[in-house]
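What follows is the content of my_file_16.cif (mmCIF, C-alpha atoms).
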data_protein
loop_
_atom_site.label_atom_id
_atom_site.label_comp_id
_atom_site.auth_asym_id
_atom_site.auth_seq_id
_atom_site.Cartn_x
_atom_site.Cartn_y
_atom_site.Cartn_z
CA MET A 28 2.58 -97.93 51.90
CA GLN A 29 2.28 -101.15 49.88
CA LYS A 30 -1.41 -101.40 50.79
CA LEU A 31 -1.88 -97.78 49.62
CA ILE A 32 -0.18 -98.57 46.28
CA ASN A 33 -2.31 -101.65 45.83
CA MET A 34 -5.43 -99.64 46.62
CA ARG A 35 -4.46 -96.96 44.09
CA GLY A 36 -3.83 -99.64 41.47
CA PHE A 37 -7.17 -101.19 42.18
CA LEU A 38 -8.90 -97.83 41.82
CA LYS A 39 -7.14 -97.20 38.49
CA ILE A 40 -8.28 -100.57 37.18
CA LEU A 41 -11.81 -99.88 38.41
CA VAL A 42 -11.88 -96.49 36.64
CA LEU A 43 -10.47 -98.07 33.46
CA VAL A 44 -13.15 -100.77 33.49
CA PHE A 45 -15.83 -98.13 34.01
CA VAL A 46 -14.50 -95.96 31.16
CA LEU A 47 -14.22 -98.92 28.78
CA SER A 48 -17.70 -100.04 29.73
CA GLY A 49 -19.06 -96.58 29.03
CA PHE A 50 -17.12 -96.43 25.76
CA ASN A 51 -18.57 -99.75 24.61
CA SER A 52 -22.02 -98.60 25.66
CA CYS A 53 -21.62 -95.39 23.66
CA LYS A 54 -20.22 -97.40 20.77
CA GLU A 55 -23.26 -99.67 20.82
CA THR A 56 -25.57 -96.66 20.99
CA HIS A 57 -23.78 -95.08 18.04
CA LYS A 58 -24.15 -98.34 16.11
CA ASP A 59 -27.85 -98.43 16.91
CA LEU A 60 -28.23 -94.85 15.70
CA GLU A 61 -26.40 -95.66 12.48
CA GLU A 62 -28.71 -98.61 11.89
CA LYS A 63 -31.74 -96.40 12.48
CA ARG A 64 -30.38 -93.80 10.09
CA SER A 65 -29.76 -96.55 7.56
CA ASP A 66 -33.38 -97.66 7.89
CA ILE A 67 -34.57 -94.10 7.32
CA LYS A 68 -32.37 -93.69 4.25
CA LYS A 69 -33.31 -97.09 2.80
CA GLU A 70 -34.90 -96.75 -0.62
CA VAL A 71 -37.75 -99.07 -1.53
CA THR A 72 -37.80 -100.80 -4.91
CA ALA A 73 -40.58 -101.39 -7.42
CA LYS A 74 -40.80 -104.96 -6.17
CA GLU A 75 -41.51 -103.65 -2.67
CA ILE A 76 -43.93 -100.95 -3.82
CA LEU A 77 -46.13 -102.73 -6.35
CA GLY A 78 -48.80 -104.81 -4.68
CA ASN A 79 -48.18 -103.15 -1.31
CA PRO A 80 -51.40 -101.49 0.00
CA GLU A 81 -49.25 -99.07 2.01
CA TYR A 82 -48.09 -97.60 -1.31
CA LEU A 83 -51.32 -96.56 -3.02
CA ALA A 84 -50.92 -95.66 -6.69
CA ILE A 85 -52.68 -93.19 -8.97
CA SER A 86 -52.49 -91.84 -12.53
CA TYR A 87 -51.56 -88.18 -12.67
CA GLY A 88 -51.33 -85.39 -15.20
CA GLY A 89 -51.83 -82.15 -13.29
CA TYR A 90 -52.95 -80.12 -16.31
CA ARG A 91 -55.35 -77.37 -15.31
CA GLN A 92 -56.20 -75.73 -18.63
CA ASP A 93 -57.93 -76.87 -21.81
CA SER A 94 -54.59 -77.18 -23.59
CA ARG A 95 -51.35 -78.93 -22.66
CA ASP A 96 -49.53 -75.94 -24.09
CA ILE A 97 -49.99 -74.49 -20.61
CA GLN A 98 -47.83 -76.70 -18.41
CA PRO A 99 -48.39 -77.00 -14.65
CA THR A 100 -45.70 -75.13 -12.75
CA VAL A 101 -43.37 -76.77 -10.23
CA GLU A 102 -45.26 -75.07 -7.40
CA GLU A 103 -48.59 -76.33 -8.75
CA LEU A 104 -47.16 -79.84 -9.00
CA LYS A 105 -45.93 -79.60 -5.41
CA ASP A 106 -49.41 -78.57 -4.26
CA ASP A 107 -50.86 -81.65 -5.98
CA MET A 108 -48.26 -84.00 -4.50
CA ARG A 109 -49.03 -82.71 -1.01
CA ILE A 110 -52.73 -83.40 -1.59
CA LEU A 111 -52.12 -86.90 -2.92
CA SER A 112 -49.64 -87.69 -0.15
CA ALA A 113 -52.21 -86.67 2.44
CA MET A 114 -54.63 -89.31 1.11
CA GLY A 115 -52.02 -92.05 1.19
CA ILE A 116 -50.77 -92.00 -2.41
CA LYS A 117 -47.07 -92.85 -2.67
CA ILE A 118 -46.52 -93.56 -6.37
CA VAL A 119 -47.86 -91.62 -9.36
CA ARG A 120 -47.95 -92.58 -13.01
CA THR A 121 -47.04 -90.23 -15.88
CA TYR A 122 -47.51 -90.77 -19.62
CA ASN A 123 -44.77 -89.11 -21.67
CA VAL A 124 -41.58 -87.12 -21.41
CA GLN A 125 -42.05 -84.98 -24.51
CA LEU A 126 -43.33 -82.06 -22.45
CA ALA A 127 -42.02 -80.47 -19.24
CA GLN A 128 -44.65 -82.05 -16.97
CA ALA A 129 -42.71 -85.23 -16.19
CA SER A 130 -39.33 -83.60 -15.56
CA ASN A 131 -40.95 -80.82 -13.52
CA LEU A 132 -42.89 -83.40 -11.50
CA LEU A 133 -39.66 -85.16 -10.59
CA LYS A 134 -38.12 -81.84 -9.68
CA ALA A 135 -41.14 -80.98 -7.53
CA ILE A 136 -40.99 -84.29 -5.64
CA SER A 137 -37.24 -83.93 -5.16
CA GLU A 138 -37.73 -80.46 -3.65
CA LEU A 139 -40.50 -81.72 -1.36
CA LYS A 140 -38.15 -84.44 -0.09
CA GLN A 141 -35.47 -81.83 0.57
CA GLU A 142 -37.99 -79.72 2.50
CA ASP A 143 -39.27 -82.71 4.48
CA ALA A 144 -37.15 -85.84 4.87
CA GLU A 145 -40.26 -87.88 5.69
CA PHE A 146 -42.08 -86.97 2.45
CA GLU A 147 -42.38 -90.07 0.27
CA MET A 148 -43.49 -90.22 -3.36
CA TYR A 149 -42.26 -92.29 -6.31
CA VAL A 150 -42.93 -92.28 -10.04
CA MET A 151 -43.93 -94.72 -12.75
CA LEU A 152 -42.45 -92.85 -15.71
CA GLY A 153 -44.11 -93.27 -19.10
CA ALA A 154 -42.43 -93.03 -22.50
CA TRP A 155 -44.95 -92.36 -25.29
CA ILE A 156 -44.70 -94.61 -28.35
CA ASP A 157 -46.27 -93.94 -31.78
CA CYS A 158 -46.37 -95.45 -35.24
CA LYS A 159 -45.08 -93.66 -38.34
CA ASN A 160 -47.27 -90.71 -39.43
CA ALA A 161 -49.16 -90.61 -36.11
CA TRP A 162 -50.93 -87.28 -35.52
CA THR A 163 -49.65 -85.84 -38.82
CA GLY A 164 -52.78 -85.92 -40.99
CA GLU A 165 -51.17 -88.61 -43.12
CA THR A 166 -52.26 -92.24 -43.02
CA PRO A 167 -50.72 -93.94 -39.98
CA ASP A 168 -48.41 -96.83 -40.84
CA HIS A 169 -48.92 -99.32 -38.03
CA GLU A 170 -46.12 -101.58 -39.24
CA VAL A 171 -43.42 -98.92 -38.83
CA GLU A 172 -42.60 -96.94 -35.71
CA SER A 173 -42.30 -93.17 -35.48
CA GLU A 174 -38.81 -91.73 -35.74
CA GLN A 175 -39.71 -89.77 -32.58
CA ASN A 176 -39.68 -92.89 -30.41
CA GLU A 177 -35.89 -93.06 -30.10
CA GLY A 178 -35.72 -89.55 -28.65
CA GLU A 179 -38.57 -90.29 -26.26
CA ILE A 180 -36.79 -93.35 -24.87
CA ALA A 181 -33.54 -91.39 -24.57
CA ARG A 182 -35.28 -88.64 -22.58
CA ALA A 183 -36.87 -91.21 -20.28
CA VAL A 184 -33.51 -92.89 -19.67
CA ALA A 185 -31.94 -89.52 -18.86
CA LEU A 186 -34.63 -88.80 -16.25
CA VAL A 187 -34.17 -92.21 -14.63
CA LYS A 188 -30.44 -91.51 -14.35
CA GLN A 189 -31.11 -88.06 -12.91
CA TYR A 190 -33.69 -89.28 -10.36
CA PRO A 191 -32.89 -92.94 -9.63
CA ASP A 192 -34.27 -92.58 -6.11
CA LEU A 193 -37.69 -91.49 -7.45
CA VAL A 194 -38.32 -93.39 -10.70
CA LYS A 195 -39.13 -96.99 -9.83
CA VAL A 196 -40.95 -98.09 -13.00
CA LEU A 197 -40.42 -97.19 -16.66
CA ALA A 198 -43.33 -97.96 -19.01
CA VAL A 199 -42.79 -98.19 -22.77
CA GLY A 200 -45.96 -96.87 -24.38
CA ASN A 201 -49.49 -96.20 -23.19
CA GLU A 202 -52.25 -98.18 -24.95
CA ALA A 203 -49.76 -98.31 -27.80
CA MET A 204 -50.62 -101.83 -29.05
CA ILE A 205 -54.43 -101.81 -28.88
CA LYS A 206 -55.92 -101.67 -32.37
CA TRP A 207 -58.75 -99.29 -31.51
CA ALA A 208 -56.05 -96.61 -31.04
CA THR A 209 -56.18 -96.10 -34.79
CA SER A 210 -54.29 -92.81 -34.74
CA TYR A 211 -51.02 -94.22 -33.42
CA TYR A 212 -50.90 -97.91 -32.42
CA VAL A 213 -47.81 -100.01 -33.12
CA GLN A 214 -47.16 -103.73 -33.38
CA PRO A 215 -45.81 -105.56 -30.28
CA LYS A 216 -42.39 -105.87 -31.96
CA VAL A 217 -41.86 -102.13 -31.48
CA ILE A 218 -42.60 -102.24 -27.76
CA LEU A 219 -40.47 -105.39 -27.48
CA LYS A 220 -37.53 -103.66 -29.16
CA TRP A 221 -37.47 -100.84 -26.61
CA VAL A 222 -38.15 -103.07 -23.60
CA VAL A 223 -35.18 -105.26 -24.58
CA HIS A 224 -33.06 -102.13 -25.05
CA LEU A 225 -33.91 -100.90 -21.55
CA GLN A 226 -33.30 -104.32 -20.01
CA GLU A 227 -29.87 -104.32 -21.63
CA LEU A 228 -29.13 -100.92 -20.09
CA LYS A 229 -30.02 -102.42 -16.71
CA SER A 230 -27.75 -105.41 -17.31
CA SER A 231 -24.85 -103.15 -18.24
CA GLY A 232 -25.31 -101.03 -15.13
CA GLU A 233 -26.37 -97.93 -17.03
CA LEU A 234 -29.81 -98.08 -15.38
CA PRO A 235 -30.57 -99.27 -11.83
CA ALA A 236 -30.85 -103.04 -11.60
CA ASP A 237 -34.04 -102.80 -9.52
CA LEU A 238 -35.85 -100.50 -12.00
CA TRP A 239 -38.87 -102.38 -13.37
CA ILE A 240 -39.63 -102.17 -17.08
CA THR A 241 -43.12 -102.70 -18.50
CA SER A 242 -45.63 -101.47 -21.07
CA SER A 243 -49.03 -100.18 -19.98
CA ASP A 244 -51.82 -101.35 -22.27
CA ASP A 245 -55.40 -102.55 -22.65
CA PHE A 246 -56.26 -106.00 -21.32
CA ALA A 247 -56.76 -107.26 -24.89
CA SER A 248 -53.25 -106.16 -25.86
CA TRP A 249 -51.93 -108.39 -23.10
CA GLY A 250 -53.69 -111.44 -24.47
CA GLY A 251 -56.85 -111.19 -22.39
CA GLY A 252 -59.20 -110.62 -25.31
CA ASP A 253 -59.35 -111.46 -29.00
CA PRO A 254 -56.91 -114.27 -29.98
CA GLU A 255 -55.67 -112.08 -32.85
CA TYR A 256 -53.37 -110.48 -30.26
CA HIS A 257 -51.76 -113.83 -29.40
CA THR A 258 -48.67 -113.36 -31.52
CA GLU A 259 -45.10 -114.56 -31.15
CA ASP A 260 -43.91 -111.02 -30.50
CA LEU A 261 -46.46 -110.54 -27.70
CA ALA A 262 -45.26 -113.78 -26.08
CA LYS A 263 -41.67 -112.50 -26.28
CA LEU A 264 -42.78 -109.20 -24.74
CA VAL A 265 -44.45 -110.99 -21.83
CA HIS A 266 -41.14 -112.76 -21.18
CA ALA A 267 -39.15 -109.51 -21.49
CA VAL A 268 -41.05 -107.20 -19.11
CA ASP A 269 -40.64 -107.26 -15.34
CA TYR A 270 -44.40 -107.20 -14.82
CA ILE A 271 -47.66 -106.74 -16.74
CA SER A 272 -49.42 -103.36 -16.51
CA PHE A 273 -52.92 -103.75 -17.94
CA HIS A 274 -55.96 -101.46 -18.27
CA THR A 275 -59.57 -102.35 -17.54
CA TYR A 276 -62.55 -100.03 -18.00
CA PRO A 277 -65.96 -101.43 -17.06
CA TYR A 278 -67.17 -97.82 -17.38
CA HIS A 279 -66.59 -97.77 -21.14
CA ASN A 280 -68.11 -101.22 -21.44
CA THR A 281 -71.43 -99.95 -20.09
CA HIS A 282 -71.82 -98.77 -23.70
CA TYR A 283 -69.65 -101.08 -25.82
CA ASN A 284 -70.16 -104.35 -23.97
CA PRO A 285 -73.08 -103.76 -21.58
CA GLN A 286 -74.14 -107.30 -20.69
CA PHE A 287 -73.21 -106.73 -17.05
CA TRP A 288 -74.77 -103.29 -16.85
CA TRP A 289 -78.49 -103.43 -17.53
CA VAL A 290 -81.06 -104.10 -14.82
CA SER A 291 -82.39 -107.63 -15.07
CA GLU A 292 -86.06 -108.59 -14.88
CA GLU A 293 -85.42 -110.13 -11.46
CA GLU A 294 -84.07 -106.79 -10.18
CA SER A 295 -86.85 -104.69 -11.69
CA GLN A 296 -88.76 -104.52 -8.39
CA SER A 297 -85.71 -103.62 -6.34
CA SER A 298 -85.05 -100.13 -4.99
CA ASP A 299 -82.99 -97.71 -7.09
CA LYS A 300 -80.17 -98.03 -4.54
CA ASP A 301 -80.14 -101.80 -4.83
CA LYS A 302 -80.18 -101.62 -8.63
CA ILE A 303 -77.14 -99.32 -8.61
CA ASP A 304 -75.30 -101.39 -5.99
CA ALA A 305 -75.89 -104.58 -8.00
CA ALA A 306 -74.70 -102.97 -11.23
CA MET A 307 -71.52 -101.66 -9.60
CA PHE A 308 -70.84 -105.07 -8.06
CA ARG A 309 -71.08 -106.59 -11.54
CA ALA A 310 -68.75 -103.86 -12.87
CA ILE A 311 -66.06 -104.94 -10.42
CA GLU A 312 -66.63 -108.58 -11.33
CA PHE A 313 -66.16 -107.55 -14.98
CA ALA A 314 -62.78 -105.97 -14.12
CA LYS A 315 -61.80 -109.12 -12.22
CA SER A 316 -62.70 -111.26 -15.22
CA GLN A 317 -60.38 -109.19 -17.45
CA TYR A 318 -57.60 -109.54 -14.88
CA LYS A 319 -58.10 -113.30 -14.88
CA ALA A 320 -58.11 -113.42 -18.70
CA VAL A 321 -54.73 -111.67 -18.81
CA SER A 322 -53.40 -113.90 -16.04
CA ASP A 323 -54.55 -117.05 -17.84
CA TYR A 324 -52.79 -115.97 -21.04
CA VAL A 325 -49.56 -115.15 -19.20
CA LYS A 326 -49.65 -118.53 -17.45
CA SER A 327 -50.28 -120.28 -20.78
CA LEU A 328 -46.84 -119.00 -21.82
CA GLY A 329 -45.25 -120.60 -18.79
CA GLU A 330 -44.79 -117.26 -17.03
CA GLU A 331 -45.67 -116.20 -13.48
CA LYS A 332 -45.13 -112.46 -13.95
CA PRO A 333 -46.77 -110.04 -11.48
CA ILE A 334 -49.85 -108.37 -12.97
CA HIS A 335 -50.94 -104.91 -11.83
CA ILE A 336 -53.56 -102.42 -13.03
CA GLY A 337 -52.06 -99.51 -14.93
CA GLU A 338 -55.41 -97.80 -15.40
CA THR A 339 -59.03 -98.08 -14.38
CA GLY A 340 -61.53 -95.43 -13.43
CA TRP A 341 -65.05 -94.02 -13.58
CA ALA A 342 -66.14 -90.62 -14.91
CA THR A 343 -68.57 -88.30 -13.11
CA ILE A 344 -69.94 -86.23 -16.02
CA SER A 345 -70.88 -87.28 -19.56
CA ASN A 346 -73.14 -85.86 -22.25
CA GLY A 347 -72.30 -88.76 -24.58
CA HIS A 348 -72.41 -92.55 -24.58
CA TYR A 349 -72.39 -92.85 -20.79
CA GLY A 350 -74.71 -90.05 -19.70
CA PRO A 351 -78.48 -89.50 -19.38
CA ASN A 352 -79.06 -90.32 -23.06
CA GLY A 353 -76.66 -93.26 -23.01
CA SER A 354 -75.82 -95.99 -20.52
CA LYS A 355 -76.62 -93.77 -17.50
CA ALA A 356 -73.39 -94.87 -15.88
CA THR A 357 -72.03 -91.45 -14.99
CA ASP A 358 -72.27 -89.68 -11.65
CA GLU A 359 -70.30 -89.16 -8.45
CA LEU A 360 -72.08 -91.90 -6.52
CA LYS A 361 -71.04 -94.57 -9.03
CA GLU A 362 -67.48 -93.25 -9.13
CA ALA A 363 -67.35 -93.46 -5.34
CA LEU A 364 -68.67 -97.03 -5.34
CA TYR A 365 -66.23 -98.09 -8.06
CA TYR A 366 -63.29 -96.45 -6.29
CA GLN A 367 -64.22 -98.14 -3.01
CA HIS A 368 -64.68 -101.57 -4.60
CA ILE A 369 -61.54 -101.45 -6.76
CA ARG A 370 -59.35 -100.39 -3.83
CA GLU A 371 -60.81 -103.07 -1.57
CA TRP A 372 -60.24 -105.81 -4.14
CA THR A 373 -56.74 -104.79 -5.25
CA ASN A 374 -55.46 -104.00 -1.75
CA ALA A 375 -56.66 -107.37 -0.47
CA SER A 376 -55.22 -109.20 -3.49
CA GLY A 377 -51.73 -107.68 -3.57
CA ILE A 378 -52.44 -105.79 -6.81
CA SER A 379 -51.32 -102.22 -7.40
CA CYS A 380 -54.00 -100.06 -9.00
CA PHE A 381 -52.94 -96.82 -10.68
CA TYR A 382 -56.45 -95.42 -10.41
CA PHE A 383 -57.38 -93.10 -13.24
CA GLU A 384 -57.16 -90.39 -12.19
CA ALA A 385 -56.21 -87.88 -9.52
CA PHE A 386 -57.63 -84.60 -10.91
CA ASP A 387 -59.97 -83.71 -13.78
CA GLU A 388 -58.07 -82.61 -16.89
CA PRO A 389 -60.08 -80.37 -19.27
CA TRP A 390 -57.62 -80.65 -22.19
CA LYS A 391 -58.64 -84.24 -22.94
CA ASP A 392 -61.86 -83.18 -24.68
CA SER A 393 -61.35 -79.46 -24.88
CA HIS A 394 -64.16 -78.86 -27.39
CA ASN A 395 -66.75 -80.58 -25.20
CA LYS A 396 -66.67 -79.45 -21.57
CA LYS A 397 -69.07 -82.21 -20.51
CA GLY A 398 -67.18 -84.93 -22.35
CA SER A 399 -66.47 -87.86 -20.03
CA GLU A 400 -62.71 -87.82 -20.69
CA ASN A 401 -62.50 -84.50 -18.85
CA HIS A 402 -64.10 -85.84 -15.68
CA PHE A 403 -62.35 -88.99 -14.44
CA GLY A 404 -60.67 -87.21 -11.52
CA LEU A 405 -61.29 -87.78 -7.83
CA PHE A 406 -60.92 -84.01 -7.57
CA THR A 407 -62.26 -81.27 -9.83
CA VAL A 408 -59.80 -78.94 -11.53
CA ASP A 409 -60.32 -76.36 -8.79
CA GLY A 410 -59.63 -78.86 -6.02
CA GLN A 411 -63.08 -79.89 -4.88
CA ALA A 412 -63.10 -83.44 -3.55
CA LYS A 413 -65.73 -85.58 -5.25
CA TYR A 414 -68.05 -87.85 -3.30
CA ALA A 415 -65.50 -90.70 -3.21
CA LEU A 416 -63.30 -88.53 -0.94
CA TRP A 417 -65.88 -86.69 1.16
CA ASP A 418 -65.02 -88.76 4.23
CA LEU A 419 -61.36 -87.70 3.93
CA VAL A 420 -62.44 -84.05 3.93
CA ASP A 421 -64.45 -84.75 7.10
CA GLN A 422 -61.34 -86.30 8.68
CA GLY A 423 -59.44 -83.06 8.07
CA ILE A 424 -56.54 -84.63 6.17
CA PHE A 425 -56.56 -81.81 3.59
CA GLU A 426 -56.43 -78.97 6.13
CA GLY A 427 -53.93 -76.31 5.08
CA LEU A 428 -53.65 -77.70 1.54
CA THR A 429 -54.79 -75.87 -1.59
CA ARG A 430 -55.17 -76.30 -5.33
CA ASN A 431 -55.18 -73.25 -7.58
CA GLY A 432 -55.36 -71.22 -4.37
CA ASN A 433 -58.55 -72.98 -3.25
CA THR A 434 -58.91 -74.96 -0.06
CA ILE A 435 -60.08 -78.54 -0.48
CA THR A 436 -63.86 -78.67 -0.06
CA LYS A 437 -66.63 -81.06 -1.08
CA THR A 438 -68.50 -80.99 -4.37
CA TYR A 439 -72.20 -80.10 -4.14
CA ASN A 440 -71.25 -78.07 -1.02
CA GLY A 441 -71.36 -81.38 0.79
CA ASP A 442 -75.12 -81.76 0.17
CA ARG A 443 -75.71 -85.46 -0.50
CA GLU A 444 -79.37 -84.92 -1.38
CA ALA A 445 -78.35 -82.49 -4.12
CA LEU A 446 -75.79 -85.00 -5.39
CA MET A 447 -78.40 -87.76 -5.52
CA LEU A 448 -80.55 -85.69 -7.89
CA ASP A 449 -77.89 -86.33 -10.56
CA VAL A 450 -77.66 -90.07 -9.91
CA LEU A 451 -79.12 -92.24 -12.68
CA VAL A 452 -80.41 -95.80 -12.43
CA PRO A 453 -78.93 -98.22 -14.99
CA PRO A 454 -81.37 -99.04 -17.81
CA THR A 455 -83.17 -102.30 -18.46
CA LYS A 456 -82.04 -104.44 -21.36
CA GLU A 457 -84.94 -103.14 -23.47
CA GLU A 458 -84.12 -99.50 -22.65
CA HIS A 459 -80.48 -100.11 -23.47
CA ALA A 460 -81.41 -101.63 -26.82
CA VAL A 461 -83.32 -98.45 -27.73
CA VAL A 462 -80.29 -96.29 -26.86
CA LEU A 463 -78.01 -98.40 -29.02
CA GLN A 464 -80.26 -98.18 -32.11
#
Written as structure tokens, that's how I'd like the structure from this file.
Amino acid sequence: MQKLINMRGFLKILVLVFVLSGFNSCKETHKDLEEKRSDIKKEVTAKEILGNPEYLAISYGGYRQDSRDIQPTVEELKDDMRILSAMGIKIVRTYNVQLAQASNLLKAISELKQEDAEFEMYVMLGAWIDCKNAWTGETPDHEVESEQNEGEIARAVALVKQYPDLVKVLAVGNEAMIKWATSYYVQPKVILKWVVHLQELKSSGELPADLWITSSDDFASWGGGDPEYHTEDLAKLVHAVDYISFHTYPYHNTHYNPQFWWVSEEESQSSDKDKIDAAMFRAIEFAKSQYKAVSDYVKSLGEEKPIHIGETGWATISNGHYGPNGSKATDELKEALYYQHIREWTNASGISCFYFEAFDEPWKDSHNKKGSENHFGLFTVDGQAKYALWDLVDQGIFEGLTRNGNTITKTYNGDREALMLDVLVPPTKEEHAVVLQ
């Protein structure tokens, strides 16, 4: 009997050990699952996104008509985000919050995330900044800011609070300090005022601490050009922002500053392909030189701020300065080469590039359909992929996706020979001189 009792006790202990072992095993499994869920739910910050080639960036408007009075709908914005996501874009840049586009874009992305937990897209939200009398017909006063700026900043702050998981960067102004923007530019003190205000909201906990604040402006405005921009207020602004967002446009410089663009005497006997390849290589080197100029200025102030590209791009149609009667810089082949080169350089260098831009926007020069400003997109308005993206169409990444009800197809019906008929060889220095007369 005693042996039987001892045996029963032993069996009870054995069962208890087994149960506890299983419980601990289940507990560990549960813990592992919780950690995995935590990883899935983890939100990346601007610091983790910017400079990360796995988070490609692009500038985005989404306007389909020749007037911004006709806003893209939420469903149209969702179509565009699906297209951009398919090609690896994970952060888009907007320009103002005066109209419904920005708030609707955030709503569209939020809905896409609800529909698909794996969908990932973030936003660099822009707040537009003007000087007094901008766009009014009266003489702009570049020493005084517009009374509209306060409301614009307030709207931007409200959107950040509403979508803290989506808005990772807030930019104060777009090309708002560059003096060639004669209709609206402001002095750096205005941008500084609002950047400091937003940084204070972060410090007080009213805005997320990991939200990055910047201003997106021309390379010269960030000290990379004429020394007239090297002011005390600009130096203070460099110290105040979380990073520098600068713009570089070799495309526009094929007319205004074309030293890198014309075909040299040594290249005159080269093939047309080699002439174009050499010119596009120099265009990228020109962009790199502007990056370095900004970097050198920032370092001269004792700062080591990250520097990323807020805008750069290449148009595909122009009947003006950059077309057949101008610098001959404009066609889909050159856009494709520029896009390829700029992505290769920035991805390898840890630089984010908000390439300008995703889709053509006909409102930008609504009175001139062939104006270059309408044709910087990698896609046409109707959703045709330009030459830069033909290989992605071949890979089938856009299957099942549409824009304006159209499936994503290639421009020129995919006929490269037809495309090449529109490709222009850069001029010689002498030919360029005649154009500029």
Produce a table with one row for each residue of region 187-227 of chain A that has an atom at most 10 Å from any atom of region 73-83 of chain A, each row naming the nearest atom pair and its distance in Å at one decimal; use only C-alpha atoms; arrange rows by chain and rising residue number; format as JSON lines.
{"residue": "A:Val194", "atom": "CA", "partner": "A:Ala73", "partner_atom": "CA", "distance": 8.9}
{"residue": "A:Lys195", "atom": "CA", "partner": "A:Ala73", "partner_atom": "CA", "distance": 5.2}
{"residue": "A:Val196", "atom": "CA", "partner": "A:Ala73", "partner_atom": "CA", "distance": 6.5}
**OP:** Using only C-alpha atoms, determine which residues lie at most 8 Å from Leu234 (chain A), disregarding the query and same-chain residues fewer than 3 positions distant; provide the list as a PyMOL selection string.
**Re:** chain A and resi 184+187-188+225+228-231+238
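In this structure, CA of Ser210 (chain A) sits 15.3 Å away from CA of Asp244 (chain A).
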**OP:** Run the PyMOL selection byres ((chain A and resi 250-262) around 9) on the file and write out the hits as a ChimeraX atom specification.
**Re:** /A:205,214-216,219,245-249,263-267,317-325,328
Original post:
Just so the selection is clear, what residues does the PyMOL selection byres ((chain A and resi 87) around 8) cover here, as a count of residues only?
Top reply: 11
**OP:** Convert the output of the PyMOL selection byres ((chain A and resi 403) around 7) on the shown file into explicit residues, formatted as a PyMOL selection string.
**Re:** chain A and resi 340-343+383-384+387+400-402+404-405
What would region 236-248 of chain A look like with N, CA and C atoms in place, written as a PDB file, in the coordinates of the input?
ATOM      1  N   ALA A 236     -30.473-101.639 -11.422  1.00  0.00           N
ATOM      2  CA  ALA A 236     -30.850-103.040 -11.600  1.00  0.00           C
ATOM      3  C   ALA A 236     -32.248-103.330 -11.087  1.00  0.00           C
ATOM      4  N   ASP A 237     -32.720-102.547 -10.090  1.00  0.00           N
ATOM      5  CA  ASP A 237     -34.040-102.800  -9.520  1.00  0.00           C
ATOM      6  C   ASP A 237     -35.146-101.946 -10.160  1.00  0.00           C
ATOM      7  N   LEU A 238     -34.826-101.198 -11.224  1.00  0.00           N
ATOM      8  CA  LEU A 238     -35.850-100.500 -12.000  1.00  0.00           C
ATOM      9  C   LEU A 238     -36.683-101.538 -12.744  1.00  0.00           C
ATOM     10  N   TRP A 239     -38.006-101.439 -12.652  1.00  0.00           N
ATOM     11  CA  TRP A 239     -38.870-102.380 -13.370  1.00  0.00           C
ATOM     12  C   TRP A 239     -39.322-101.774 -14.685  1.00  0.00           C
ATOM     13  N   ILE A 240     -39.259-102.590 -15.728  1.00  0.00           N
ATOM     14  CA  ILE A 240     -39.630-102.170 -17.080  1.00  0.00           C
ATOM     15  C   ILE A 240     -40.927-102.877 -17.473  1.00  0.00           C
ATOM     16  N   THR A 241     -41.863-102.128 -18.044  1.00  0.00           N
ATOM     17  CA  THR A 241     -43.120-102.700 -18.500  1.00  0.00           C
ATOM     18  C   THR A 241     -43.654-101.904 -19.673  1.00  0.00           C
ATOM     19  N   SER A 242     -44.841-102.280 -20.142  1.00  0.00           N
ATOM     20  CA  SER A 242     -45.630-101.470 -21.070  1.00  0.00           C
ATOM     21  C   SER A 242     -47.030-101.437 -20.492  1.00  0.00           C
ATOM     22  N   SER A 243     -47.708-100.309 -20.588  1.00  0.00           N
ATOM     23  CA  SER A 243     -49.030-100.180 -19.980  1.00  0.00           C
ATOM     24  C   SER A 243     -50.083-100.155 -21.079  1.00  0.00           C
ATOM     25  N   ASP A 244     -50.927-101.218 -21.116  1.00  0.00           N
ATOM     26  CA  ASP A 244     -51.820-101.350 -22.270  1.00  0.00           C
ATOM     27  C   ASP A 244     -53.135-102.025 -21.889  1.00  0.00           C
ATOM     28  N   ASP A 245     -54.072-101.960 -22.819  1.00  0.00           N
ATOM     29  CA  ASP A 245     -55.400-102.550 -22.650  1.00  0.00           C
ATOM     30  C   ASP A 245     -55.292-104.048 -22.378  1.00  0.00           C
ATOM     31  N   PHE A 246     -56.292-104.576 -21.670  1.00  0.00           N
ATOM     32  CA  PHE A 246     -56.260-106.000 -21.320  1.00  0.00           C
ATOM     33  C   PHE A 246     -56.173-106.883 -22.561  1.00  0.00           C
ATOM     34  N   ALA A 247     -56.802-106.458 -23.662  1.00  0.00           N
ATOM     35  CA  ALA A 247     -56.760-107.260 -24.890  1.00  0.00           C
ATOM     36  C   ALA A 247     -55.358-107.315 -25.467  1.00  0.00           C
ATOM     37  N   SER A 248     -54.624-106.207 -25.350  1.00  0.00           N
ATOM     38  CA  SER A 248     -53.250-106.160 -25.860  1.00  0.00           C
ATOM     39  C   SER A 248     -52.342-107.112 -25.121  1.00  0.00           C
TER      40      SER A 248
END
